[in-house]
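The next block is query26.cif, given as mmCIF, C-alpha atoms.
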data_data
#
loop_
_atom_site.label_atom_id
_atom_site.label_comp_id
_atom_site.auth_asym_id
_atom_site.auth_seq_id
_atom_site.Cartn_x
_atom_site.Cartn_y
_atom_site.Cartn_z
CA MET A 22 25.74 -13.94 -0.61
CA SER A 23 23.96 -16.87 -2.19
CA ASP A 24 24.76 -18.72 -5.36
CA SER A 25 22.65 -20.99 -7.49
CA HIS A 26 22.54 -23.83 -5.02
CA GLY A 27 21.60 -21.69 -2.08
CA HIS A 28 24.86 -21.94 -0.22
CA SER A 29 26.91 -19.01 0.82
CA HIS A 30 30.51 -18.70 -0.36
CA PRO A 31 31.68 -15.65 1.45
CA HIS A 32 35.31 -16.26 0.56
CA GLY A 33 34.60 -16.74 -3.11
CA GLN A 34 36.17 -20.20 -2.97
CA PRO A 35 34.01 -22.53 -5.01
CA HIS A 36 34.04 -26.08 -3.78
CA PRO A 37 33.26 -29.25 -5.65
CA PHE A 38 29.61 -30.10 -5.91
CA GLN A 39 28.92 -33.75 -5.30
CA PRO A 40 26.91 -35.33 -8.12
CA ASP A 41 23.56 -36.69 -7.08
CA ILE A 42 23.36 -40.39 -6.40
CA GLU A 43 21.17 -41.28 -9.38
CA ASP A 44 24.29 -41.38 -11.55
CA SER A 45 26.04 -44.22 -9.77
CA ALA A 46 25.45 -47.30 -7.67
CA LEU A 47 24.33 -46.57 -4.11
CA THR A 48 26.78 -47.04 -1.29
CA HIS A 49 25.80 -49.14 1.71
CA HIS A 50 25.14 -46.05 3.80
CA GLN A 51 23.11 -44.30 1.10
CA LEU A 52 20.96 -47.42 0.89
CA LEU A 53 20.61 -47.44 4.64
CA GLN A 54 19.49 -43.79 4.60
CA LEU A 55 16.86 -44.37 1.91
CA ALA A 56 15.57 -47.56 3.54
CA VAL A 57 15.37 -46.06 7.05
CA GLY A 58 13.62 -42.96 5.70
CA GLU A 59 11.04 -44.97 3.77
CA LEU A 60 10.35 -47.31 6.69
CA LEU A 61 9.87 -44.42 9.13
CA MET A 62 7.37 -42.83 6.74
CA GLU A 63 5.55 -46.13 6.15
CA LYS A 64 5.23 -46.52 9.91
CA GLY A 65 3.81 -43.02 10.20
CA ILE A 66 6.61 -41.77 12.42
CA PHE A 67 6.88 -38.77 10.17
CA THR A 68 5.12 -37.85 6.96
CA GLY A 69 6.66 -37.15 3.59
CA ASP A 70 5.53 -33.59 4.02
CA GLU A 71 7.32 -33.23 7.36
CA PHE A 72 10.45 -34.73 5.81
CA ARG A 73 10.36 -32.32 2.88
CA ARG A 74 9.78 -29.31 5.13
CA THR A 75 12.69 -30.34 7.35
CA LEU A 76 14.96 -30.57 4.30
CA GLU A 77 13.80 -27.14 3.18
CA ASP A 78 14.56 -25.75 6.61
CA ILE A 79 18.07 -27.21 6.52
CA ASP A 80 18.63 -25.65 3.09
CA SER A 81 17.30 -22.30 4.21
CA ARG A 82 19.88 -21.91 7.00
CA ASN A 83 23.07 -20.14 6.03
CA PRO A 84 25.64 -17.77 7.49
CA GLY A 85 23.66 -14.84 6.09
CA ASP A 86 21.36 -15.08 9.11
CA GLY A 87 24.24 -14.78 11.57
CA ALA A 88 25.72 -11.97 9.47
CA ARG A 89 22.51 -9.91 9.68
CA VAL A 90 22.50 -10.31 13.44
CA VAL A 91 26.15 -9.20 13.68
CA ALA A 92 25.61 -6.19 11.40
CA ARG A 93 22.67 -5.04 13.51
CA ALA A 94 24.78 -5.35 16.65
CA TRP A 95 27.44 -3.17 15.02
CA VAL A 96 25.01 -0.34 14.32
CA ASP A 97 22.73 -0.60 17.37
CA ALA A 98 24.37 -0.72 20.83
CA GLU A 99 21.10 -1.54 22.57
CA PHE A 100 20.52 -4.47 20.21
CA LYS A 101 24.04 -5.68 20.95
CA LYS A 102 23.29 -5.73 24.67
CA ARG A 103 20.16 -7.77 24.04
CA LEU A 104 22.10 -10.11 21.72
CA LEU A 105 24.74 -10.79 24.35
CA ALA A 106 22.03 -11.37 26.98
CA ASP A 107 19.73 -13.60 24.89
CA THR A 108 20.82 -14.46 21.36
CA ALA A 109 17.66 -16.25 20.28
CA ALA A 110 15.41 -13.38 21.39
CA ALA A 111 17.58 -10.81 19.65
CA ALA A 112 17.71 -12.89 16.44
CA ALA A 113 13.92 -13.16 16.54
CA GLU A 114 13.71 -9.36 16.36
CA LEU A 115 15.22 -9.70 12.87
CA GLY A 116 12.87 -12.52 11.94
CA VAL A 117 15.59 -15.16 12.42
CA ASP A 118 14.49 -18.31 14.24
CA ALA A 119 17.58 -19.41 16.19
CA GLY A 120 15.89 -22.54 17.51
CA THR A 121 15.61 -23.97 21.00
CA ILE A 122 19.22 -24.98 21.68
CA PRO A 123 20.62 -21.98 23.58
CA ILE A 124 23.19 -19.97 21.62
CA MET A 125 25.65 -17.77 23.43
CA THR A 126 27.17 -14.86 21.55
CA VAL A 127 30.73 -14.08 22.60
CA GLU A 128 32.08 -10.64 21.77
CA ASN A 129 35.52 -9.91 20.36
CA THR A 130 37.16 -6.80 21.81
CA PRO A 131 40.66 -5.33 21.55
CA GLN A 132 41.45 -7.40 24.68
CA ILE A 133 39.74 -10.71 23.79
CA HIS A 134 39.56 -12.80 20.63
CA ASN A 135 37.11 -15.73 20.76
CA ALA A 136 37.19 -18.94 18.71
CA ILE A 137 34.78 -21.89 18.74
CA VAL A 138 35.34 -25.65 18.56
CA CYS A 139 33.70 -28.87 19.65
CA THR A 140 36.48 -31.33 20.50
CA LEU A 141 34.05 -34.19 21.28
CA CYS A 142 31.83 -34.09 18.19
CA SER A 143 30.80 -31.15 16.02
CA CYS A 144 28.40 -28.92 17.97
CA TYR A 145 27.83 -25.76 15.93
CA PRO A 146 25.21 -22.97 15.88
CA ARG A 147 23.50 -24.51 12.85
CA LEU A 148 20.35 -22.46 12.98
CA LEU A 149 22.32 -19.21 12.69
CA LEU A 150 25.18 -20.39 10.46
CA GLY A 151 23.88 -23.43 8.54
CA LEU A 152 25.71 -26.74 8.38
CA PRO A 153 29.34 -26.60 9.52
CA PRO A 154 32.25 -26.60 7.07
CA ASP A 155 34.29 -29.79 6.72
CA TRP A 156 37.31 -28.35 8.49
CA TYR A 157 35.24 -27.60 11.61
CA LYS A 158 34.54 -31.34 11.92
CA SER A 159 38.10 -32.38 11.05
CA ARG A 160 40.49 -34.16 13.35
CA ALA A 161 43.12 -31.47 12.75
CA TYR A 162 40.94 -28.56 13.84
CA ARG A 163 39.31 -30.34 16.78
CA SER A 164 42.59 -31.69 18.10
CA ARG A 165 44.77 -28.64 17.70
CA VAL A 166 42.75 -25.48 18.25
CA VAL A 167 42.48 -26.07 22.00
CA ARG A 168 46.23 -26.61 22.34
CA GLU A 169 47.79 -24.26 19.79
CA PRO A 170 45.02 -21.84 18.85
CA ARG A 171 47.35 -19.16 17.52
CA ALA A 172 49.05 -21.62 15.17
CA VAL A 173 45.67 -22.83 13.88
CA LEU A 174 44.41 -19.27 13.39
CA ALA A 175 47.61 -18.49 11.48
CA GLU A 176 46.70 -21.30 9.04
CA PHE A 177 43.52 -19.31 8.35
CA GLY A 178 45.66 -16.20 7.79
CA THR A 179 44.68 -14.69 11.14
CA THR A 180 47.19 -13.13 13.50
CA ILE A 181 46.03 -12.03 16.94
CA PRO A 182 48.21 -9.51 18.83
CA GLU A 183 50.39 -11.04 21.56
CA ASP A 184 48.78 -8.88 24.25
CA THR A 185 45.23 -9.99 23.34
CA GLU A 186 43.68 -12.95 25.16
CA VAL A 187 42.81 -15.76 22.77
CA ARG A 188 39.79 -17.46 24.34
CA VAL A 189 38.81 -20.82 22.88
CA HIS A 190 35.31 -22.12 23.66
CA ASP A 191 34.97 -25.91 23.59
CA SER A 192 31.21 -26.61 23.11
CA THR A 193 31.07 -29.76 25.19
CA ALA A 194 27.47 -29.62 26.36
CA GLU A 195 24.28 -27.58 26.05
CA LEU A 196 25.32 -24.24 24.58
CA ARG A 197 26.29 -23.33 21.06
CA TYR A 198 28.53 -20.34 20.48
CA MET A 199 28.68 -17.58 17.91
CA VAL A 200 31.46 -14.99 17.76
CA LEU A 201 30.50 -11.32 17.45
CA PRO A 202 33.52 -9.95 15.57
CA MET A 203 34.76 -6.39 15.94
CA ARG A 204 33.47 -3.95 13.35
CA PRO A 205 36.36 -3.19 10.99
CA GLU A 206 37.77 0.30 10.79
CA GLY A 207 36.82 2.33 7.74
CA THR A 208 33.20 1.15 7.72
CA GLU A 209 31.65 4.23 9.33
CA GLY A 210 29.61 5.22 6.29
CA MET A 211 28.37 1.75 5.43
CA SER A 212 24.75 0.62 5.61
CA GLU A 213 23.67 -2.35 7.67
CA ASP A 214 23.29 -4.45 4.51
CA GLU A 215 26.77 -3.51 3.33
CA LEU A 216 28.17 -4.36 6.75
CA ALA A 217 26.47 -7.76 6.73
CA LYS A 218 28.36 -8.61 3.54
CA LEU A 219 31.65 -8.23 5.43
CA VAL A 220 30.61 -10.82 8.03
CA THR A 221 31.69 -14.27 6.91
CA ARG A 222 30.90 -17.64 8.42
CA ASP A 223 34.52 -18.10 9.43
CA CYS A 224 34.69 -14.85 11.37
CA MET A 225 31.59 -15.91 13.32
CA VAL A 226 33.48 -19.10 14.27
CA GLY A 227 36.45 -16.92 15.21
CA VAL A 228 39.08 -18.27 12.83
CA THR A 229 39.17 -15.13 10.68
CA LEU A 230 38.43 -11.41 11.04
CA PRO A 231 36.01 -9.41 8.87
CA ASP A 232 37.68 -7.77 5.90
CA ASN A 233 38.52 -4.14 6.22
CA PRO A 234 36.96 -2.72 3.01
CA SER A 235 39.89 -0.38 2.45
CA ASN A 236 42.26 -3.32 2.12
CA MET B 10 16.75 -29.76 42.91
CA SER B 11 19.36 -27.86 44.86
CA GLY B 12 21.33 -24.75 44.02
CA PRO B 13 24.75 -24.75 42.43
CA ARG B 14 27.49 -26.22 44.59
CA PHE B 15 30.11 -23.83 43.19
CA PRO B 16 29.76 -20.04 42.93
CA VAL B 17 31.20 -17.99 40.08
CA GLY B 18 34.92 -17.56 40.71
CA ALA B 19 35.31 -20.80 42.70
CA PRO B 20 38.50 -22.72 41.92
CA VAL B 21 37.59 -26.16 40.62
CA ARG B 22 39.30 -29.18 39.17
CA ILE B 23 37.91 -31.68 36.68
CA ARG B 24 38.02 -35.06 38.40
CA ARG B 25 40.69 -37.55 37.47
CA ALA B 26 38.45 -40.43 36.45
CA TRP B 27 38.34 -42.54 33.34
CA PRO B 28 35.12 -44.54 33.24
CA PRO B 29 34.04 -46.21 30.00
CA GLY B 30 30.90 -45.03 28.22
CA HIS B 31 29.57 -41.73 26.96
CA VAL B 32 31.22 -38.86 28.84
CA ARG B 33 31.22 -35.15 28.03
CA ALA B 34 34.14 -34.09 30.25
CA PRO B 35 37.00 -33.92 27.73
CA TRP B 36 39.96 -36.18 28.41
CA TYR B 37 42.49 -33.37 27.96
CA LEU B 38 41.03 -31.49 30.95
CA ARG B 39 40.78 -34.29 33.50
CA GLY B 40 42.84 -33.34 36.54
CA ARG B 41 43.23 -29.74 35.31
CA SER B 42 42.25 -26.78 37.47
CA GLY B 43 40.37 -23.64 36.53
CA ALA B 44 37.63 -21.40 37.89
CA ILE B 45 33.87 -21.25 37.45
CA CYS B 46 33.04 -18.38 35.09
CA HIS B 47 29.31 -18.93 34.51
CA ILE B 48 26.54 -21.01 36.05
CA ILE B 49 24.42 -22.07 33.08
CA GLY B 50 21.66 -24.00 34.86
CA GLU B 51 20.33 -27.52 35.25
CA PHE B 52 20.16 -30.01 32.38
CA GLY B 53 19.55 -33.70 31.85
CA ASN B 54 22.60 -35.87 32.51
CA PRO B 55 24.11 -36.88 29.14
CA GLU B 56 25.70 -39.95 30.73
CA GLU B 57 22.15 -41.24 31.34
CA MET B 58 20.35 -39.79 28.32
CA ALA B 59 22.90 -41.38 25.99
CA TYR B 60 21.50 -44.76 27.06
CA GLY B 61 17.85 -43.81 26.66
CA ARG B 62 17.14 -42.87 30.28
CA TYR B 63 15.76 -39.37 29.93
CA ASP B 64 13.99 -38.79 33.24
CA GLY B 65 16.74 -38.96 35.88
CA PRO B 66 17.82 -36.12 38.15
CA LYS B 67 19.15 -33.02 36.45
CA LEU B 68 22.70 -31.82 36.84
CA MET B 69 24.03 -28.30 37.28
CA LEU B 70 26.10 -27.19 34.30
CA TYR B 71 28.88 -24.61 34.52
CA ARG B 72 31.29 -22.92 32.22
CA VAL B 73 34.81 -23.26 33.56
CA ARG B 74 37.70 -21.03 32.57
CA PHE B 75 41.17 -22.52 32.32
CA ARG B 76 44.45 -20.73 31.70
CA GLN B 77 46.13 -22.41 28.75
CA VAL B 78 49.42 -22.51 30.67
CA ASP B 79 47.66 -24.56 33.38
CA VAL B 80 46.35 -27.05 30.82
CA TRP B 81 49.46 -27.42 28.65
CA PRO B 82 52.81 -27.10 30.43
CA ASP B 83 54.44 -26.40 27.06
CA TYR B 84 51.81 -23.90 25.86
CA ALA B 85 53.41 -21.79 23.14
CA GLY B 86 51.26 -18.64 23.43
CA PRO B 87 51.14 -15.80 25.96
CA PRO B 88 50.00 -16.43 29.57
CA GLN B 89 46.64 -14.64 29.25
CA ASP B 90 45.22 -17.14 26.69
CA THR B 91 42.33 -19.23 28.02
CA LEU B 92 39.93 -22.06 27.35
CA GLN B 93 36.28 -22.01 28.38
CA VAL B 94 34.50 -25.33 28.60
CA GLU B 95 31.07 -26.51 29.78
CA VAL B 96 31.34 -29.05 32.59
CA TYR B 97 28.60 -30.86 34.54
CA GLU B 98 28.76 -30.66 38.33
CA ASN B 99 29.45 -34.40 38.82
CA TRP B 100 32.81 -33.90 37.10
CA LEU B 101 33.93 -30.99 39.32
CA GLU B 102 35.68 -30.91 42.67
CA ALA B 103 36.93 -27.99 44.72
CA ALA B 104 40.52 -27.05 43.90
CA GLY B 105 43.05 -25.15 45.98
CA GLU B 106 43.24 -21.38 45.80
CA GLU B 107 46.43 -21.67 43.77
CA ALA B 108 44.36 -22.57 40.74
CA ALA B 109 42.24 -19.42 40.72
CA MET C 13 41.67 -44.68 28.54
CA ARG C 14 41.08 -41.89 26.06
CA ARG C 15 38.33 -42.69 23.61
CA HIS C 16 38.88 -42.07 19.95
CA HIS C 17 36.40 -39.23 19.44
CA ASP C 18 37.74 -37.32 22.46
CA MET C 19 40.59 -35.71 20.57
CA GLY C 20 41.23 -32.28 22.09
CA GLY C 21 44.97 -31.65 22.36
CA MET C 22 46.10 -34.59 20.25
CA GLU C 23 48.82 -34.21 17.62
CA ALA C 24 47.48 -33.64 14.13
CA GLY C 25 48.52 -32.10 10.85
CA PRO C 26 47.53 -28.76 9.31
CA VAL C 27 43.84 -27.90 8.91
CA ASP C 28 42.63 -28.71 5.39
CA ARG C 29 40.29 -25.88 4.43
CA ALA C 30 38.90 -27.58 1.31
CA GLU C 31 35.12 -27.95 1.50
CA HIS C 32 32.40 -29.86 -0.26
CA ASP C 33 28.77 -28.96 -0.63
CA TYR C 34 26.55 -31.30 1.32
CA ALA C 35 25.06 -34.01 -0.90
CA PRO C 36 21.28 -34.53 -0.88
CA TRP C 37 21.62 -37.88 0.91
CA GLU C 38 23.67 -36.23 3.67
CA LYS C 39 20.96 -33.63 4.25
CA ARG C 40 18.38 -36.42 4.33
CA VAL C 41 20.31 -38.09 7.16
CA ASP C 42 20.33 -34.79 9.00
CA ALA C 43 16.58 -34.38 8.44
CA ILE C 44 15.85 -37.90 9.76
CA LEU C 45 17.74 -37.12 12.97
CA ARG C 46 16.02 -33.76 13.42
CA LEU C 47 12.60 -35.38 13.08
CA LEU C 48 13.36 -38.36 15.33
CA SER C 49 14.71 -36.09 18.08
CA ASP C 50 12.19 -33.24 17.83
CA PRO C 51 9.81 -32.49 20.73
CA LYS C 52 6.88 -34.04 18.84
CA ARG C 53 8.58 -37.46 18.56
CA ARG C 54 11.50 -37.74 21.03
CA ILE C 55 12.27 -41.21 19.67
CA LEU C 56 15.94 -40.64 20.21
CA ARG C 57 18.18 -37.99 21.68
CA VAL C 58 21.30 -36.47 20.27
CA ASP C 59 23.15 -37.92 23.29
CA GLU C 60 22.19 -41.38 22.05
CA LEU C 61 23.29 -40.52 18.52
CA ARG C 62 26.71 -39.51 19.87
CA ARG C 63 27.00 -42.60 22.05
CA GLY C 64 26.18 -44.74 19.02
CA ILE C 65 28.83 -43.00 16.92
CA GLU C 66 31.45 -43.38 19.63
CA ASP C 67 30.59 -47.07 19.97
CA LEU C 68 31.22 -47.66 16.26
CA GLY C 69 34.85 -47.82 17.37
CA PRO C 70 38.06 -46.20 16.14
CA GLY C 71 38.10 -48.01 12.78
CA ALA C 72 34.65 -46.83 11.78
CA TYR C 73 35.43 -43.36 13.04
CA ASP C 74 38.31 -43.06 10.60
CA GLU C 75 36.87 -45.02 7.68
CA LEU C 76 33.33 -43.67 7.54
CA ASN C 77 32.57 -40.10 6.68
CA TYR C 78 30.51 -37.87 8.93
CA TYR C 79 27.00 -38.69 7.77
CA GLU C 80 27.84 -42.36 7.26
CA ARG C 81 28.56 -42.45 11.00
CA TRP C 82 25.28 -40.69 11.68
CA ILE C 83 23.10 -43.07 9.68
CA ALA C 84 24.95 -46.09 11.07
CA SER C 85 24.26 -44.88 14.62
CA ILE C 86 20.63 -43.92 13.86
CA SER C 87 19.94 -47.35 12.32
CA ASN C 88 21.46 -49.18 15.29
CA LEU C 89 19.41 -47.12 17.73
CA LEU C 90 16.16 -47.71 15.83
CA ILE C 91 16.85 -51.45 15.91
CA GLU C 92 17.71 -51.37 19.64
CA LYS C 93 14.52 -49.48 20.40
CA GLY C 94 12.38 -51.81 18.33
CA VAL C 95 11.27 -49.06 15.96
CA ILE C 96 12.63 -50.95 12.94
CA SER C 97 13.43 -54.65 12.76
CA ILE C 98 16.58 -56.00 11.15
CA ASP C 99 14.49 -58.16 8.86
CA GLU C 100 12.39 -55.33 7.46
CA LEU C 101 15.45 -53.12 7.11
CA GLY C 102 17.24 -55.79 5.07
CA ARG C 103 14.24 -56.28 2.82
CA LYS C 104 13.73 -52.54 2.35
CA MET C 105 17.39 -52.01 1.47
CA ALA C 106 17.17 -54.73 -1.19
CA GLU C 107 13.99 -53.17 -2.58
CA VAL C 108 15.52 -49.69 -2.71
CA GLU C 109 18.63 -51.00 -4.40
CA ALA C 110 16.64 -52.90 -7.04
CA ARG C 111 14.56 -49.81 -7.77
CA HIS C 112 17.66 -47.65 -8.06
CA GLU C 113 19.38 -50.09 -10.43
CA ALA C 114 16.26 -50.23 -12.60
CA GLU C 115 16.29 -46.41 -12.80
CA ARG C 116 19.93 -46.40 -13.80
CA ALA C 117 19.32 -49.04 -16.48
CA LYS C 118 16.46 -46.98 -17.88
CA GLY C 119 18.70 -43.94 -18.01
CA GLY C 120 21.26 -45.94 -19.99
CA ARG C 121 23.91 -45.26 -17.36
CA ALA C 122 24.16 -48.65 -15.74
#

What does the file become when written as structure tokens?
Amino acid sequence: MSDSHGHSHPHGQPHPFQPDIEDSALTHHQLLQLAVGELLMEKGIFTGDEFRRTLEDIDSRNPGDGARVVARAWVDAEFKKRLLADTAAAAAELGVDAGTIPIMTVENTPQIHNAIVCTLCSCYPRLLLGLPPDWYKSRAYRSRVVREPRAVLAEFGTTIPEDTEVRVHDSTAELRYMVLPMRPEGTEGMSEDELAKLVTRDCMVGVTLPDNPSN
Amino acid sequence: MSGPRFPVGAPVRIRRAWPPGHVRAPWYLRGRSGAICHIIGEFGNPEEMAYGRYDGPKLMLYRVRFRQVDVWPDYAGPPQDTLQVEVYENWLEAAGEEAA
Amino acid sequence: MRRHHDMGGMEAGPVDRAEHDYAPWEKRVDAILRLLSDPKRRILRVDELRRGIEDLGPGAYDELNYYERWIASISNLLIEKGVISIDELGRKMAEVEARHEAERAKGGRA
């Protein structure tokens, strides 16, 4: 699920890579970032080594971690129970460090479809899914998904049956949310690794559903 | 430290108040009624921590379930659709049974 | 009065699903915040970061991109808390800019 710059593109949609800043003049805010970073290191508030390790940690987080957790929950009912009770502890069983901000896994069922938003800022389960996509932080998504969730899901190509409850979680405070999608039909013979490949970032936010491999 | 003021299932309303400053009760839910669906626990008050005061009394935090049709009178989807939102206890008041 | 960032339920256009990969400088902003707010340092809290972003006002919210808002808020907070002075920040920014321009000139790209 990873490409050359370590970022997962589960939908196969390449997006433009921003050139590094050495090629052009620095913007005011890029200057501010570099100056603040250097001053904090000069003052010993953090070391260059701590800074580098933090950057490596940010780069190492991607939706593949969340996908492994979901795939395990699909094949192991007892693991799923533990995941729903304590997401960080269950993720740790797979060697995934989900961090200290509590994450709540919400399960899709034939009766309930969950979707995640943060209308006030951009809270997101970063340690399980990596940095959020641009649309998650956009005015359009944040404004509309709490008021017309079915219309927003339709823009992602997702139609939820009329008799299913669409449940939108607005992460306003201390919890972060991850959606546990339903295992698609026709995947009975698949291995856990194969299943994990069906689990995209967007279906763990609840705006899409995992692909049915027979489609 | 005291226990939660509202039990799971209690009908509650987000207070109609519009103070300035850093607030985590979303504007679109002020004055709307729902029901407690989960008592999360006690956390620092963001309205204080946002200004650098980290050590004040903690606040109980709940998840509150709202029916979309109670939030948006013109909601376009079916009546079973819901919103679930985290709300600190200082923003909640008891609501009538009609909101449950 | 509704504040600008508090946008749930407002009218807005279709969701643009185009994405960009995070630039190195954006990840560096993220790393600075993670370090400043971690349990070892606790120099600032994410609540303060958010308050600072909200207080940039509606214009900045629309004109600056996501991590520009973050670094603007972080810088203001560090000044408020006396961690960094305005004077040293101004001098350091000039130094960084001069160094960067010298690098560009050397690379023949200036």

### Query
Taking into account only C-alpha atoms, which residue in the set A:Val189, A:Val226, A:Ile66, A:Leu105 is nearest to chain B?
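For chain B, the nearest of the given residues is A:Val189.
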
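Residue nearest chain A, chosen from C:Leu76, C:Met105, C:Leu61, C:Ala110 and counting all atoms listed in the file: C:Met105.
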
### Query
Care to translate the PyMOL selection byres ((chain A) within 12 of (chain B)) into actual residues of this file, as a ChimeraX atom specification?
/A:122-125,127,132-142,163-173,181-198

Sort by chain and increasing residue number a table of all residues of chain A within 8 Å of chain C, each with its closest pair of atoms and their distance in Å to one decimal, counting only C-alpha atoms, and write it as JSON lines.
{"residue": "A:His36", "atom": "CA", "partner": "C:His32", "partner_atom": "CA", "distance": 5.4}
{"residue": "A:Pro37", "atom": "CA", "partner": "C:His32", "partner_atom": "CA", "distance": 5.5}
{"residue": "A:Phe38", "atom": "CA", "partner": "C:Asp33", "partner_atom": "CA", "distance": 5.5}
{"residue": "A:Gln39", "atom": "CA", "partner": "C:Ala35", "partner_atom": "CA", "distance": 5.9}
{"residue": "A:Pro40", "atom": "CA", "partner": "C:Ala35", "partner_atom": "CA", "distance": 7.6}
{"residue": "A:Asp41", "atom": "CA", "partner": "C:Ala35", "partner_atom": "CA", "distance": 6.9}
{"residue": "A:Ile42", "atom": "CA", "partner": "C:Trp37", "partner_atom": "CA", "distance": 7.9}
{"residue": "A:Glu43", "atom": "CA", "partner": "C:Arg116", "partner_atom": "CA", "distance": 6.9}
{"residue": "A:Asp44", "atom": "CA", "partner": "C:Arg121", "partner_atom": "CA", "distance": 7.0}
{"residue": "A:Ser45", "atom": "CA", "partner": "C:Arg116", "partner_atom": "CA", "distance": 7.6}
{"residue": "A:Ala46", "atom": "CA", "partner": "C:Glu113", "partner_atom": "CA", "distance": 7.2}
{"residue": "A:Leu47", "atom": "CA", "partner": "C:Glu109", "partner_atom": "CA", "distance": 7.2}
{"residue": "A:His50", "atom": "CA", "partner": "C:Glu80", "partner_atom": "CA", "distance": 5.7}
{"residue": "A:Gln51", "atom": "CA", "partner": "C:Trp37", "partner_atom": "CA", "distance": 6.6}
{"residue": "A:Leu52", "atom": "CA", "partner": "C:Met105", "partner_atom": "CA", "distance": 5.8}
{"residue": "A:Leu53", "atom": "CA", "partner": "C:Met105", "partner_atom": "CA", "distance": 6.4}
{"residue": "A:Gln54", "atom": "CA", "partner": "C:Ile83", "partner_atom": "CA", "distance": 6.3}
{"residue": "A:Leu55", "atom": "CA", "partner": "C:Val108", "partner_atom": "CA", "distance": 7.2}
{"residue": "A:Ala56", "atom": "CA", "partner": "C:Met105", "partner_atom": "CA", "distance": 5.2}
{"residue": "A:Val57", "atom": "CA", "partner": "C:Leu101", "partner_atom": "CA", "distance": 7.1}
{"residue": "A:Gly58", "atom": "CA", "partner": "C:Ile44", "partner_atom": "CA", "distance": 6.9}
{"residue": "A:Leu60", "atom": "CA", "partner": "C:Ile96", "partner_atom": "CA", "distance": 7.6}
{"residue": "A:Ile66", "atom": "CA", "partner": "C:Arg53", "partner_atom": "CA", "distance": 7.8}
{"residue": "A:Phe67", "atom": "CA", "partner": "C:Leu47", "partner_atom": "CA", "distance": 7.3}
{"residue": "A:Phe72", "atom": "CA", "partner": "C:Ala43", "partner_atom": "CA", "distance": 6.7}
{"residue": "A:Thr75", "atom": "CA", "partner": "C:Ala43", "partner_atom": "CA", "distance": 5.7}
{"residue": "A:Leu76", "atom": "CA", "partner": "C:Ala43", "partner_atom": "CA", "distance": 5.9}
{"residue": "A:Ile79", "atom": "CA", "partner": "C:Lys39", "partner_atom": "CA", "distance": 7.4}
{"residue": "A:Thr140", "atom": "CA", "partner": "C:Gly20", "partner_atom": "CA", "distance": 5.1}
{"residue": "A:Leu141", "atom": "CA", "partner": "C:Asp18", "partner_atom": "CA", "distance": 5.0}
{"residue": "A:Cys142", "atom": "CA", "partner": "C:His17", "partner_atom": "CA", "distance": 7.0}
{"residue": "A:Pro154", "atom": "CA", "partner": "C:Glu31", "partner_atom": "CA", "distance": 6.4}
{"residue": "A:Asp155", "atom": "CA", "partner": "C:Glu31", "partner_atom": "CA", "distance": 5.6}
{"residue": "A:Trp156", "atom": "CA", "partner": "C:Arg29", "partner_atom": "CA", "distance": 5.6}
{"residue": "A:Ser159", "atom": "CA", "partner": "C:Val27", "partner_atom": "CA", "distance": 7.6}
{"residue": "A:Arg160", "atom": "CA", "partner": "C:Ala24", "partner_atom": "CA", "distance": 7.1}
{"residue": "A:Ala161", "atom": "CA", "partner": "C:Ala24", "partner_atom": "CA", "distance": 5.1}
{"residue": "A:Tyr162", "atom": "CA", "partner": "C:Val27", "partner_atom": "CA", "distance": 5.8}
{"residue": "A:Arg163", "atom": "CA", "partner": "C:Gly20", "partner_atom": "CA", "distance": 6.0}
{"residue": "A:Ser164", "atom": "CA", "partner": "C:Gly20", "partner_atom": "CA", "distance": 4.3}
{"residue": "A:Arg165", "atom": "CA", "partner": "C:Gly21", "partner_atom": "CA", "distance": 5.6}
{"residue": "A:Val166", "atom": "CA", "partner": "C:Gly21", "partner_atom": "CA", "distance": 7.7}
{"residue": "A:Val167", "atom": "CA", "partner": "C:Gly21", "partner_atom": "CA", "distance": 6.1}
{"residue": "A:Arg168", "atom": "CA", "partner": "C:Gly21", "partner_atom": "CA", "distance": 5.2}
{"residue": "A:Val173", "atom": "CA", "partner": "C:Val27", "partner_atom": "CA", "distance": 7.3}
{"residue": "A:Glu176", "atom": "CA", "partner": "C:Val27", "partner_atom": "CA", "distance": 7.2}

### Query
Which distance in Å separates atom CA of Arg222 of chain A and atom CA of Leu150 of chain A, to one decimal?
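Value for the atom CA of Arg222 of chain A-atom CA of Leu150 of chain A distance: 6.7 Å.
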
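Taking atom CA of Thr108 of chain A as the reference point, atom CA of Asp78 of chain A is found at 19.6 Å.
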
List as a short mmCIF file (atom, residue, chain, number, x, y, z; two decimals) with C-alpha atoms, in the coordinates of the input the protein and nucleic acid residues near Arg57 of chain C, meaning an atom at most 12 Å away when only C-alpha atoms are counted, but skip any in the same chain fewer than 6 places from it.
data_model
loop_
_atom_site.label_atom_id
_atom_site.label_comp_id
_atom_site.auth_asym_id
_atom_site.auth_seq_id
_atom_site.Cartn_x
_atom_site.Cartn_y
_atom_site.Cartn_z
CA GLY B 53 19.55 -33.70 31.85
CA ASN B 54 22.60 -35.87 32.51
CA PRO B 55 24.11 -36.88 29.14
CA GLU B 56 25.70 -39.95 30.73
CA GLU B 57 22.15 -41.24 31.34
CA MET B 58 20.35 -39.79 28.32
CA ALA B 59 22.90 -41.38 25.99
CA TYR B 60 21.50 -44.76 27.06
CA GLY B 61 17.85 -43.81 26.66
CA ARG B 62 17.14 -42.87 30.28
CA TYR B 63 15.76 -39.37 29.93
CA LEU C 45 17.74 -37.12 12.97
CA ARG C 46 16.02 -33.76 13.42
CA LEU C 47 12.60 -35.38 13.08
CA LEU C 48 13.36 -38.36 15.33
CA SER C 49 14.71 -36.09 18.08
CA ASP C 50 12.19 -33.24 17.83
CA PRO C 51 9.81 -32.49 20.73
CA ARG C 63 27.00 -42.60 22.05
CA GLY C 64 26.18 -44.74 19.02
CA SER C 85 24.26 -44.88 14.62
CA ILE C 86 20.63 -43.92 13.86
CA LEU C 89 19.41 -47.12 17.73
CA LEU C 90 16.16 -47.71 15.83
#
